[in-house]
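Colleague: Please find upload.csv (CSV, C-alpha atoms) on the next line:
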chain,number,residue,atom,x,y,z
A,1,MET,CA,37.5,11.7,-8.0
A,2,LYS,CA,33.9,11.0,-6.9
A,3,LEU,CA,35.1,9.2,-3.8
A,4,LEU,CA,37.4,12.1,-2.9
A,5,ILE,CA,34.6,14.7,-3.2
A,6,LEU,CA,32.2,12.5,-1.1
A,7,SER,CA,34.9,12.0,1.5
A,8,LEU,CA,35.8,15.7,1.7
A,9,PHE,CA,32.1,16.7,2.0
A,10,SER,CA,31.5,14.1,4.7
A,11,LEU,CA,34.5,15.3,6.6
A,12,TYR,CA,33.5,19.0,6.3
A,13,THR,CA,29.9,18.4,7.6
A,14,ASN,CA,31.1,15.9,10.3
A,15,GLY,CA,28.7,13.3,8.8
A,16,SER,CA,28.6,10.3,6.6
A,17,VAL,CA,28.0,9.8,2.9
A,18,ASN,CA,26.8,6.4,1.5
A,19,LEU,CA,26.6,5.7,-2.2
A,20,GLU,CA,25.1,2.5,-3.7
A,21,THR,CA,24.9,1.7,-7.4
A,22,SER,CA,23.4,-1.5,-9.0
A,23,ALA,CA,22.9,-2.8,-12.5
A,24,SER,CA,20.6,-5.7,-13.4
A,25,THR,CA,19.0,-7.5,-16.2
A,26,GLN,CA,15.3,-8.5,-16.0
A,27,GLN,CA,13.3,-11.1,-18.0
A,28,TYR,CA,9.5,-10.7,-18.0
A,29,ALA,CA,7.4,-13.8,-18.8
A,30,THR,CA,5.5,-12.1,-21.7
A,31,GLU,CA,8.6,-10.6,-23.4
A,32,SER,CA,11.1,-12.3,-25.6
A,33,SER,CA,14.2,-10.4,-24.6
A,34,SER,CA,15.6,-9.2,-21.3
A,35,VAL,CA,15.7,-5.5,-20.2
A,36,GLY,CA,18.3,-3.6,-18.2
A,37,ARG,CA,17.8,-1.5,-15.0
A,38,VAL,CA,20.2,0.8,-13.2
A,39,ASP,CA,19.7,2.0,-9.6
A,40,LEU,CA,21.5,4.8,-7.8
A,41,SER,CA,21.2,5.8,-4.1
A,42,VAL,CA,23.2,8.6,-2.4
A,43,GLU,CA,22.6,9.3,1.3
A,44,TRP,CA,24.2,12.1,3.4
A,45,LYS,CA,23.5,12.3,7.1
A,46,THR,CA,24.9,14.2,10.0
A,47,GLU,CA,23.7,14.7,13.6
A,48,LYS,CA,24.5,18.4,13.4
A,49,TRP,CA,22.9,19.6,10.2
A,50,GLY,CA,20.3,17.1,8.8
A,51,GLN,CA,20.2,14.5,6.1
A,52,ALA,CA,19.5,14.0,2.4
A,53,HIS,CA,18.7,10.9,0.3
A,54,PHE,CA,18.6,10.8,-3.5
A,55,TRP,CA,16.9,7.8,-5.0
A,56,SER,CA,16.8,7.0,-8.7
A,57,TRP,CA,16.3,4.2,-11.1
A,58,ILE,CA,16.1,3.9,-14.9
A,59,GLU,CA,14.6,1.1,-17.0
A,60,PRO,CA,14.9,1.9,-20.7
A,61,GLY,CA,12.5,0.9,-23.5
A,62,ASN,CA,8.9,1.6,-24.4
A,63,LYS,CA,7.6,-0.4,-21.5
A,64,GLY,CA,10.3,0.9,-19.0
A,65,ASP,CA,10.0,3.6,-16.4
A,66,SER,CA,12.2,5.8,-14.3
A,67,SER,CA,12.2,7.7,-11.0
A,68,PHE,CA,14.3,10.5,-9.5
A,69,ASP,CA,13.4,11.5,-6.0
A,70,LEU,CA,15.1,13.6,-3.2
A,71,ASP,CA,13.5,12.5,0.0
A,72,PRO,CA,14.3,13.3,2.7
A,73,PHE,CA,16.2,16.6,2.1
A,74,VAL,CA,16.1,18.3,5.5
A,75,PHE,CA,18.1,20.7,7.6
A,76,ARG,CA,17.7,20.6,11.4
A,77,PHE,CA,18.5,23.3,13.9
A,78,TYR,CA,18.8,22.1,17.5
A,79,SER,CA,17.7,24.6,20.2
A,80,THR,CA,18.3,21.9,22.9
A,81,GLU,CA,19.5,18.3,22.9
A,82,ASN,CA,15.9,17.1,22.5
A,83,SER,CA,14.3,20.0,20.6
A,84,HIS,CA,14.8,21.1,17.0
A,85,PHE,CA,13.3,23.0,14.1
A,86,TRP,CA,13.5,21.6,10.6
A,87,ILE,CA,13.0,22.9,7.1
A,88,GLY,CA,13.1,21.0,3.8
A,89,ARG,CA,11.5,17.7,2.8
A,90,THR,CA,10.9,15.1,5.5
A,91,HIS,CA,8.0,13.0,6.9
A,92,PRO,CA,6.7,15.0,9.9
A,93,VAL,CA,5.9,11.9,12.0
A,94,MET,CA,9.5,10.7,11.6
A,95,GLU,CA,10.7,13.9,13.3
A,96,LEU,CA,9.3,12.5,16.5
A,97,ALA,CA,12.2,10.0,16.5
A,98,GLU,CA,14.7,12.8,16.0
A,99,ALA,CA,13.4,14.4,19.2
A,100,GLY,CA,14.3,11.3,21.3
A,101,ASN,CA,11.9,8.5,20.5
A,102,SER,CA,12.1,5.3,18.5
A,103,ALA,CA,11.2,5.7,14.8
A,104,PRO,CA,7.6,4.8,13.9
A,105,PHE,CA,6.7,2.2,11.3
A,106,LEU,CA,5.8,4.2,8.2
A,107,LYS,CA,6.0,1.8,5.2
A,108,ASN,CA,3.2,1.6,2.7
A,109,THR,CA,1.9,-1.5,4.6
A,110,SER,CA,1.2,0.6,7.7
A,111,ALA,CA,-2.1,2.4,8.3
A,112,ILE,CA,-0.4,5.9,8.5
A,113,GLY,CA,1.9,5.2,5.5
A,114,ALA,CA,-1.0,3.9,3.4
A,115,ASN,CA,-2.8,7.2,3.9
A,116,TRP,CA,0.2,9.3,2.9
A,117,ALA,CA,1.5,10.3,-0.5
A,118,GLN,CA,3.8,7.7,-2.1
A,119,ASN,CA,6.3,7.3,-4.9
A,120,GLN,CA,4.7,4.4,-6.7
A,121,THR,CA,6.7,4.5,-9.9
A,122,ASP,CA,8.3,1.3,-8.7
A,123,ALA,CA,4.8,-0.2,-8.4
A,124,LEU,CA,5.6,-3.2,-6.2
A,125,SER,CA,7.9,-1.3,-3.9
A,126,PRO,CA,6.4,2.1,-3.2
A,127,ARG,CA,7.9,4.5,-0.7
A,128,VAL,CA,6.1,6.9,1.7
A,129,SER,CA,7.0,10.4,0.7
A,130,GLY,CA,7.7,13.4,3.0
A,131,TRP,CA,6.3,16.9,3.0
A,132,VAL,CA,8.1,20.0,1.8
A,133,GLY,CA,7.8,22.6,4.6
A,134,LEU,CA,8.9,23.3,8.1
A,135,GLY,CA,8.2,22.2,11.6
A,136,TRP,CA,9.3,21.7,15.2
A,137,SER,CA,9.8,18.6,17.4
A,138,GLY,CA,10.7,18.5,21.1
A,139,ALA,CA,10.8,16.1,24.0
A,140,LEU,CA,10.0,17.0,27.6
A,141,PHE,CA,10.2,15.3,31.0
A,142,ASN,CA,13.2,13.1,30.1
A,143,LYS,CA,11.6,12.1,26.8
A,144,VAL,CA,8.4,10.9,28.4
A,145,LEU,CA,6.4,13.3,26.2
A,146,THR,CA,7.3,14.3,22.7
A,147,PHE,CA,5.5,16.9,20.6
A,148,SER,CA,5.7,17.7,16.9
A,149,ALA,CA,4.1,20.3,14.6
A,150,ALA,CA,4.5,20.7,10.8
A,151,TYR,CA,3.3,23.0,8.0
A,152,SER,CA,3.7,22.5,4.3
A,153,PRO,CA,2.5,24.9,1.5
A,154,ILE,CA,3.4,22.5,-1.2
A,155,PHE,CA,1.2,19.5,-2.1
A,156,ILE,CA,2.7,16.5,-3.9
A,157,PRO,CA,0.1,13.8,-4.8
A,158,THR,CA,0.9,10.1,-5.1
A,159,LEU,CA,3.1,9.5,-8.2
A,160,GLY,CA,2.3,6.3,-10.1
A,161,PRO,CA,3.9,4.4,-13.0
A,162,ARG,CA,4.2,6.4,-16.3
A,163,LEU,CA,0.9,6.8,-18.2
A,164,SER,CA,0.2,9.2,-21.0
A,165,PHE,CA,-3.1,10.1,-22.7
A,166,SER,CA,-3.8,11.2,-26.3
A,167,ASP,CA,-6.8,12.8,-28.1
A,168,SER,CA,-6.1,10.8,-31.2
A,169,ASP,CA,-4.2,7.6,-30.2
A,170,ARG,CA,-4.4,4.9,-27.7
A,171,SER,CA,-3.1,5.5,-24.1
A,172,THR,CA,0.4,4.3,-23.4
A,173,GLY,CA,2.4,3.6,-20.3
A,174,SER,CA,5.0,1.5,-18.6
A,175,ARG,CA,4.5,-2.2,-17.7
A,176,PHE,CA,2.9,-1.6,-14.3
A,177,SER,CA,0.7,1.3,-15.3
A,178,HIS,CA,-3.1,0.9,-14.9
A,179,ALA,CA,-4.1,1.6,-18.5
A,180,PRO,CA,-7.7,2.7,-19.0
A,181,PRO,CA,-10.1,0.7,-21.2
A,182,ALA,CA,-9.2,0.9,-24.9
A,183,TYR,CA,-12.7,0.3,-26.4
A,184,VAL,CA,-16.4,0.8,-25.6
A,185,GLN,CA,-19.4,-1.0,-27.0
A,186,ILE,CA,-22.2,1.1,-28.4
A,187,ASN,CA,-25.7,-0.1,-29.0
A,188,ASP,CA,-24.7,-3.7,-28.2
A,189,ASN,CA,-22.8,-4.1,-31.5
A,190,ALA,CA,-20.6,-1.2,-32.4
A,191,LEU,CA,-17.1,-1.3,-30.9
A,192,LEU,CA,-15.5,2.1,-30.8
A,193,PRO,CA,-12.0,3.1,-29.6
A,194,LEU,CA,-11.7,5.2,-26.5
A,195,ARG,CA,-9.4,8.3,-26.5
A,196,TYR,CA,-8.6,10.4,-23.4
A,197,ARG,CA,-7.9,14.0,-22.7
A,198,LEU,CA,-6.5,15.1,-19.3
A,199,GLU,CA,-7.6,18.5,-18.1
A,200,SER,CA,-5.8,19.2,-14.8
A,201,GLY,CA,-6.4,23.0,-14.9
A,202,ASP,CA,-3.9,25.4,-13.5
A,203,LEU,CA,-1.2,23.2,-11.9
A,204,LYS,CA,-0.4,25.9,-9.3
A,205,ASN,CA,-3.9,25.4,-7.8
A,206,ILE,CA,-2.9,21.7,-7.2
A,207,VAL,CA,0.6,22.2,-6.0
A,208,PHE,CA,0.2,25.2,-3.8
A,209,GLN,CA,-2.1,23.8,-1.1
A,210,ASN,CA,-1.7,24.0,2.7
A,211,GLN,CA,-1.0,21.0,4.8
A,212,ALA,CA,-0.6,20.8,8.6
A,213,LEU,CA,0.1,18.2,11.3
A,214,ALA,CA,0.2,18.0,15.1
A,215,ALA,CA,1.4,15.0,17.0
A,216,VAL,CA,2.1,14.0,20.6
A,217,ARG,CA,3.8,10.8,21.9
A,218,ALA,CA,3.9,9.4,25.4
A,219,SER,CA,6.6,6.9,26.3
A,220,SER,CA,6.6,4.5,29.3
A,221,VAL,CA,7.5,0.9,30.2
A,222,LEU,CA,4.2,-0.1,28.4
A,223,GLY,CA,5.5,1.3,25.1
A,224,ASN,CA,5.0,4.4,22.9
A,225,LEU,CA,1.5,5.8,22.4
A,226,SER,CA,1.1,8.5,19.7
A,227,ALA,CA,-1.9,10.6,18.8
A,228,ILE,CA,-1.6,12.3,15.4
A,229,ALA,CA,-3.9,14.6,13.4
A,230,TRP,CA,-3.2,16.2,10.0
A,231,ALA,CA,-5.1,17.9,7.2
A,232,ALA,CA,-4.1,17.6,3.5
A,233,PRO,CA,-5.6,17.2,0.1
A,234,SER,CA,-6.5,13.6,-0.8
A,235,VAL,CA,-3.3,12.0,-2.2
A,236,ASN,CA,-5.3,10.0,-4.7
A,237,PRO,CA,-7.5,12.1,-7.1
A,238,GLU,CA,-11.2,12.0,-7.6
A,239,LEU,CA,-12.0,11.9,-11.3
A,240,ASP,CA,-14.8,13.8,-13.1
A,241,LEU,CA,-15.4,12.0,-16.4
A,242,SER,CA,-17.3,13.2,-19.4
A,243,ASN,CA,-17.4,11.8,-22.9
A,244,SER,CA,-18.4,12.8,-26.4
A,245,LEU,CA,-18.7,10.9,-29.8
A,246,HIS,CA,-16.3,12.1,-32.5
A,247,VAL,CA,-17.0,11.1,-36.1
A,248,ASN,CA,-15.1,12.2,-39.3
A,249,SER,CA,-14.4,10.8,-42.7
A,250,MET,CA,-11.5,8.6,-41.4
A,251,ASP,CA,-12.9,7.1,-38.2
A,252,ALA,CA,-15.1,7.4,-35.2
A,253,HIS,CA,-14.1,7.3,-31.5
A,254,VAL,CA,-15.3,8.3,-28.1
A,255,LEU,CA,-13.3,11.0,-26.4
A,256,VAL,CA,-13.3,10.9,-22.6
A,257,THR,CA,-12.3,14.1,-20.7
A,258,ILE,CA,-10.7,13.5,-17.3
A,259,ARG,CA,-10.8,16.3,-14.7
A,260,PRO,CA,-8.9,15.3,-11.5
A,261,SER,CA,-9.5,16.9,-8.2
A,262,PHE,CA,-7.9,16.5,-4.8
A,263,PRO,CA,-10.5,17.3,-2.1
A,264,ARG,CA,-9.3,18.2,1.3
A,265,ARG,CA,-9.2,15.4,3.9
A,266,PHE,CA,-8.7,15.3,7.7
A,267,TYR,CA,-7.1,12.4,9.4
A,268,SER,CA,-6.8,11.3,13.0
A,269,ALA,CA,-4.4,8.4,14.0
A,270,ILE,CA,-3.3,6.4,17.0
A,271,GLU,CA,-0.2,4.3,17.1
A,272,TRP,CA,1.0,2.0,19.9
A,273,SER,CA,4.4,0.3,19.7
A,274,GLN,CA,6.6,-1.6,22.2
A,275,PRO,CA,10.1,-1.8,20.8
A,276,ASP,CA,11.5,-3.3,24.0
A,277,PHE,CA,9.1,-6.3,23.9
A,278,PHE,CA,10.2,-9.6,22.2
A,279,LEU,CA,7.7,-9.3,19.4
A,280,LYS,CA,8.1,-5.6,18.9
A,281,PRO,CA,4.4,-5.0,18.1
A,282,ASP,CA,3.2,-1.9,16.3
A,283,LEU,CA,-0.5,-1.1,16.0
A,284,GLN,CA,-1.9,1.8,14.0
A,285,LEU,CA,-5.5,3.0,13.5
A,286,VAL,CA,-6.3,5.9,11.1
A,287,LYS,CA,-9.6,7.5,10.4
A,288,GLU,CA,-10.3,9.7,7.4
A,289,TYR,CA,-12.9,12.5,7.4
A,290,PRO,CA,-15.4,13.2,5.9
A,291,THR,CA,-15.3,9.8,4.1
A,292,GLN,CA,-15.1,7.9,7.5
A,293,LYS,CA,-12.7,5.4,5.9
A,294,THR,CA,-10.9,3.5,8.7
A,295,LEU,CA,-7.6,1.7,8.3
A,296,LEU,CA,-6.0,-0.7,10.8
A,297,SER,CA,-2.5,-2.2,10.6
A,298,PHE,CA,-0.6,-4.5,12.9
A,299,ARG,CA,3.1,-5.5,12.6
A,300,LEU,CA,5.3,-8.0,14.5
A,301,ASN,CA,9.1,-8.0,14.4
A,302,PRO,CA,10.1,-11.0,16.6
A,303,PHE,CA,13.6,-11.4,15.1
A,304,PRO,CA,16.0,-9.0,13.3
A,305,PHE,CA,15.6,-11.0,10.2
A,306,LEU,CA,11.8,-11.4,10.2
A,307,GLU,CA,8.8,-9.0,10.2
A,308,ALA,CA,5.2,-9.6,9.2
A,309,GLY,CA,1.9,-7.8,9.5
A,310,LEU,CA,-1.7,-7.0,8.4
A,311,LEU,CA,-3.3,-4.0,6.7
A,312,HIS,CA,-7.1,-3.8,6.5
A,313,ALA,CA,-9.8,-1.2,5.8
A,314,LEU,CA,-12.4,-1.6,8.6
A,315,LYS,CA,-14.6,0.9,6.8
A,316,ASP,CA,-13.9,1.7,3.2
A,317,THR,CA,-15.2,4.1,0.6
A,318,GLU,CA,-16.8,2.8,-2.5
A,319,PRO,CA,-14.4,0.4,-4.4
A,320,GLY,CA,-13.3,1.1,-8.0
A,321,ASP,CA,-12.7,-1.3,-10.8
A,322,ASN,CA,-9.9,-3.0,-8.8
A,323,ALA,CA,-9.7,-4.0,-5.2
A,324,PRO,CA,-7.7,-1.5,-3.1
A,325,TYR,CA,-4.3,-2.4,-1.8
A,326,ASP,CA,-5.3,-1.8,1.8
A,327,ARG,CA,-8.1,-4.3,2.0
A,328,GLY,CA,-7.2,-7.6,3.7
A,329,LEU,CA,-3.5,-7.6,3.1
A,330,PHE,CA,-1.0,-10.0,4.8
A,331,TRP,CA,2.6,-9.3,4.3
A,332,LEU,CA,5.9,-10.9,5.3
A,333,GLU,CA,9.5,-10.0,4.9
A,334,ALA,CA,12.5,-12.2,5.9
A,335,THR,CA,16.2,-11.6,5.3
A,336,TYR,CA,18.6,-14.2,6.9
A,337,PRO,CA,22.4,-14.0,6.4
A,338,ILE,CA,23.9,-17.5,6.5
A,339,ALA,CA,27.0,-17.5,8.7
A,340,ASN,CA,30.4,-18.1,7.0
A,341,THR,CA,28.9,-18.4,3.5
A,342,HIS,CA,28.5,-14.7,2.3
A,343,LEU,CA,25.0,-15.8,1.2
A,344,THR,CA,21.8,-14.0,2.2
A,345,PRO,CA,18.4,-15.5,1.2
A,346,ALA,CA,15.4,-13.2,1.4
A,347,LEU,CA,11.6,-13.5,0.9
A,348,ARG,CA,8.9,-10.9,0.4
A,349,VAL,CA,5.2,-12.1,0.4
A,350,GLU,CA,2.1,-10.0,0.0
A,351,GLN,CA,-1.2,-11.7,-0.1
A,352,HIS,CA,-4.8,-10.5,0.0
A,353,PHE,CA,-6.6,-13.1,2.2
A,354,LEU,CA,-10.3,-12.1,1.6
A,355,LYS,CA,-12.3,-14.7,-0.3
A,356,THR,CA,-12.9,-12.2,-3.2
A,357,PRO,CA,-10.9,-10.9,-4.8
A,358,ARG,CA,-7.7,-12.6,-3.8
A,359,GLY,CA,-4.3,-11.9,-5.3
A,360,GLY,CA,-0.7,-11.9,-4.2
A,361,TRP,CA,3.0,-11.3,-4.9
A,362,ILE,CA,5.9,-13.5,-3.9
A,363,LYS,CA,9.5,-12.6,-4.3
A,364,PRO,CA,12.3,-15.0,-3.2
A,365,SER,CA,15.8,-13.6,-3.7
A,366,LEU,CA,19.4,-14.6,-2.9
A,367,SER,CA,22.5,-12.3,-2.6
A,368,TYR,CA,26.2,-13.2,-2.4
A,369,GLU,CA,29.0,-10.9,-1.2
A,370,PRO,CA,32.2,-12.2,-2.8
A,371,MET,CA,34.2,-9.2,-1.6
A,372,LYS,CA,33.7,-6.2,0.6
A,373,ASN,CA,31.3,-3.7,-0.9
A,374,LEU,CA,30.3,-5.9,-3.9
A,375,ILE,CA,27.0,-7.9,-3.9
A,376,LEU,CA,25.7,-10.2,-6.5
A,377,PHE,CA,21.9,-10.8,-6.4
A,378,ALA,CA,19.2,-12.8,-8.1
A,379,SER,CA,15.4,-12.9,-7.6
A,380,VAL,CA,12.1,-14.2,-8.9
A,381,SER,CA,8.9,-12.2,-8.9
A,382,LEU,CA,5.6,-14.2,-9.0
A,383,ILE,CA,2.3,-12.4,-9.3
A,384,SER,CA,-1.2,-13.9,-9.1
A,385,GLY,CA,-4.8,-12.8,-9.0
A,386,LYS,CA,-8.0,-12.2,-11.0
A,387,ASP,CA,-8.7,-9.1,-13.0
A,388,SER,CA,-10.7,-7.5,-10.1
A,389,SER,CA,-7.9,-8.1,-7.5
A,390,TYR,CA,-5.2,-5.5,-6.8
A,391,PHE,CA,-2.4,-7.7,-8.2
A,392,GLY,CA,-4.5,-9.3,-11.0
A,393,PRO,CA,-3.7,-6.8,-13.8
A,394,TRP,CA,0.0,-7.6,-13.3
A,395,ARG,CA,-0.3,-11.4,-13.2
A,396,ASN,CA,1.4,-11.7,-16.6
A,397,LEU,CA,4.4,-9.8,-15.4
A,398,ASP,CA,6.3,-12.6,-13.6
A,399,SER,CA,10.0,-11.9,-13.9
A,400,THR,CA,13.5,-12.9,-13.0
A,401,ASP,CA,16.2,-10.4,-12.0
A,402,LEU,CA,20.0,-10.9,-12.0
A,403,GLY,CA,22.5,-8.2,-11.2
A,404,LEU,CA,25.2,-6.7,-9.0
A,405,LYS,CA,25.4,-3.9,-6.5
A,406,TYR,CA,28.4,-1.9,-5.4
A,407,ILE,CA,28.5,0.1,-2.1
A,408,TRP,CA,31.1,2.9,-2.2
Spit out the file's structure as structure tokens when you get a sec.

Modeller:
Amino acid sequence: MKLLILSLFSLYTNGSVNLETSASTQQYATESSSVGRVDLSVEWKTEKWGQAHFWSWIEPGNKGDSSFDLDPFVFRFYSTENSHFWIGRTHPVMELAEAGNSAPFLKNTSAIGANWAQNQTDALSPRVSGWVGLGWSGALFNKVLTFSAAYSPIFIPTLGPRLSFSDSDRSTGSRFSHAPPAYVQINDNALLPLRYRLESGDLKNIVFQNQALAAVRASSVLGNLSAIAWAAPSVNPELDLSNSLHVNSMDAHVLVTIRPSFPRRFYSAIEWSQPDFFLKPDLQLVKEYPTQKTLLSFRLNPFPFLEAGLLHALKDTEPGDNAPYDRGLFWLEATYPIANTHLTPALRVEQHFLKTPRGGWIKPSLSYEPMKNLILFASVSLISGKDSSYFGPWRNLDSTDLGLKYIW
């Protein structure tokens, strides 16, 4: 029945519908029993109307997490072959590609993507999120110049792994959440528990904030050169912390009150790419105002099965307790189907190469397609690093993953 509904909908809209489901079992190094995970991905796309992609995954248990996200969900209205208006949820920079250019590189390992809101509930595989709003993109002079403008009245900050606070109990969260300190030492000898209260204020003052973007791209035999500027609240909050000592007949603890704010930021970016060159280089430079933080990323894609790159903060803001993801990161991703075997080995590597603090993540995997639309897969996730590194807090979360995926 589901297949019939999807087929009829695809036929009616003159588009395509793709559905993927997977189920797997994961074993973490610090846990005695394995846990399950279910993923679902549904994508609809048509050249006439637009596209929609629903992503979700569920990992049950006290340490598990889940995510449900509709991104993109956009309708496009074409005034000419290379000019269109759009409304819904989409990444404004990606709309340049819809107006006649090759798609920009916008993963979390790119300078532009790292400065954009992300869905980080799946901590090791975050996705760059789109804006909810409207915009226009158009190409002129036989696609030599492409322009794009976007506006969004709805602000969605970066969403991280599940983490909850309590006035009377210890903070809890999923495996990959960054839990705050549980105790504080008073007068060099007294060890008191820490409790946390989140005061976000009126949520509508956070959600209903204006965002705007303007972009232009020039294409030639030398490649694509884009200039992009946008204004938006900071996707990562600044925290105002205050504390007080609470003592009663039963216990004593320190209550920390957290007041997040999302100050407005302005960004300017330059991207150069050459998709027709052998190495397919992509270079991005982004500067944030008024902090003056500057991010640089460089990617090479010499073969269809291999891409690698660097992400580094040339000028950064003051670091927190842990090193940021965008400082000195080398990454590599390889996927190579072996002919006539139905086997596809893959490798994902992320390594911070600075002397301190170093840390990394390595994920080799193997998939096997015994029949059309059915894929069996297995992977190992290895994490390393000191406490002060980005990956360090997760170094005890080495895991194995075994499951199957079906593509409808």

Colleague: Just the number, please: distance in Å from CA of Lys280 (chain A) to CA of Asn301 (chain A), one decimal.

Modeller: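 Atom-to-atom, CA of Lys280 (chain A) and CA of Asn301 (chain A) are spaced 5.2 Å apart.
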
Colleague: Residues near region 65-76 of chain A, anyone? I mean within 8 Å using all atoms listed in the file, not counting same-chain ones fewer than 5 positions away, as a count of residues only.

Modeller: 28

Colleague: Which one of A:Gly100, A:Gly223, A:Gly133, A:Pro237 sits closest to Phe277 (chain A) if you count only C-alpha atoms?

Modeller: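 Closest candidate: A:Gly223.
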
Colleague: For a test of reading the model, state the distance in Å between CA of Ser365 (chain A) and CA of Ala114 (chain A), rounded to one decimal.

Modeller: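 Pair CA of Ser365 (chain A) / CA of Ala114 (chain A) returns 25.3 Å.
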
Colleague: Just give me the gap between CA of Ser22 (chain A) and CA of Thr344 (chain A) in Å, one decimal is fine.

Modeller: 16.9 Å

Colleague: Neighbouring residues of Asn101 (chain A) were defined as those with any atom within 10 Å, considering all atoms listed in the file; residues of the same chain fewer than 2 positions away were excluded. Please report them as a ChimeraX atom specification.

Modeller: /A:82,94-99,103-104,139,143-146,217-219,224

Colleague: Within 7 Å of Ala182 (chain A), counting all atoms listed in the file, which residues show up once you throw out same-chain ones fewer than 4 positions away? Write them as JSON, numbers by chain, please.

Modeller: {"A": [170, 193, 194]}

Colleague: Ranking A:Arg37, A:Lys45, A:Arg127, A:Lys355 by minimum distance to Asn18 (chain A) and counting only C-alpha atoms, which one comes first?

Modeller: A:Lys45

Colleague: Of the candidates A:Leu354, A:Val256, A:Val184, A:Ile228, which shows the shortest atom-to-atom distance to Ala149 (chain A), using all atoms listed in the file?

Modeller: A:Ile228
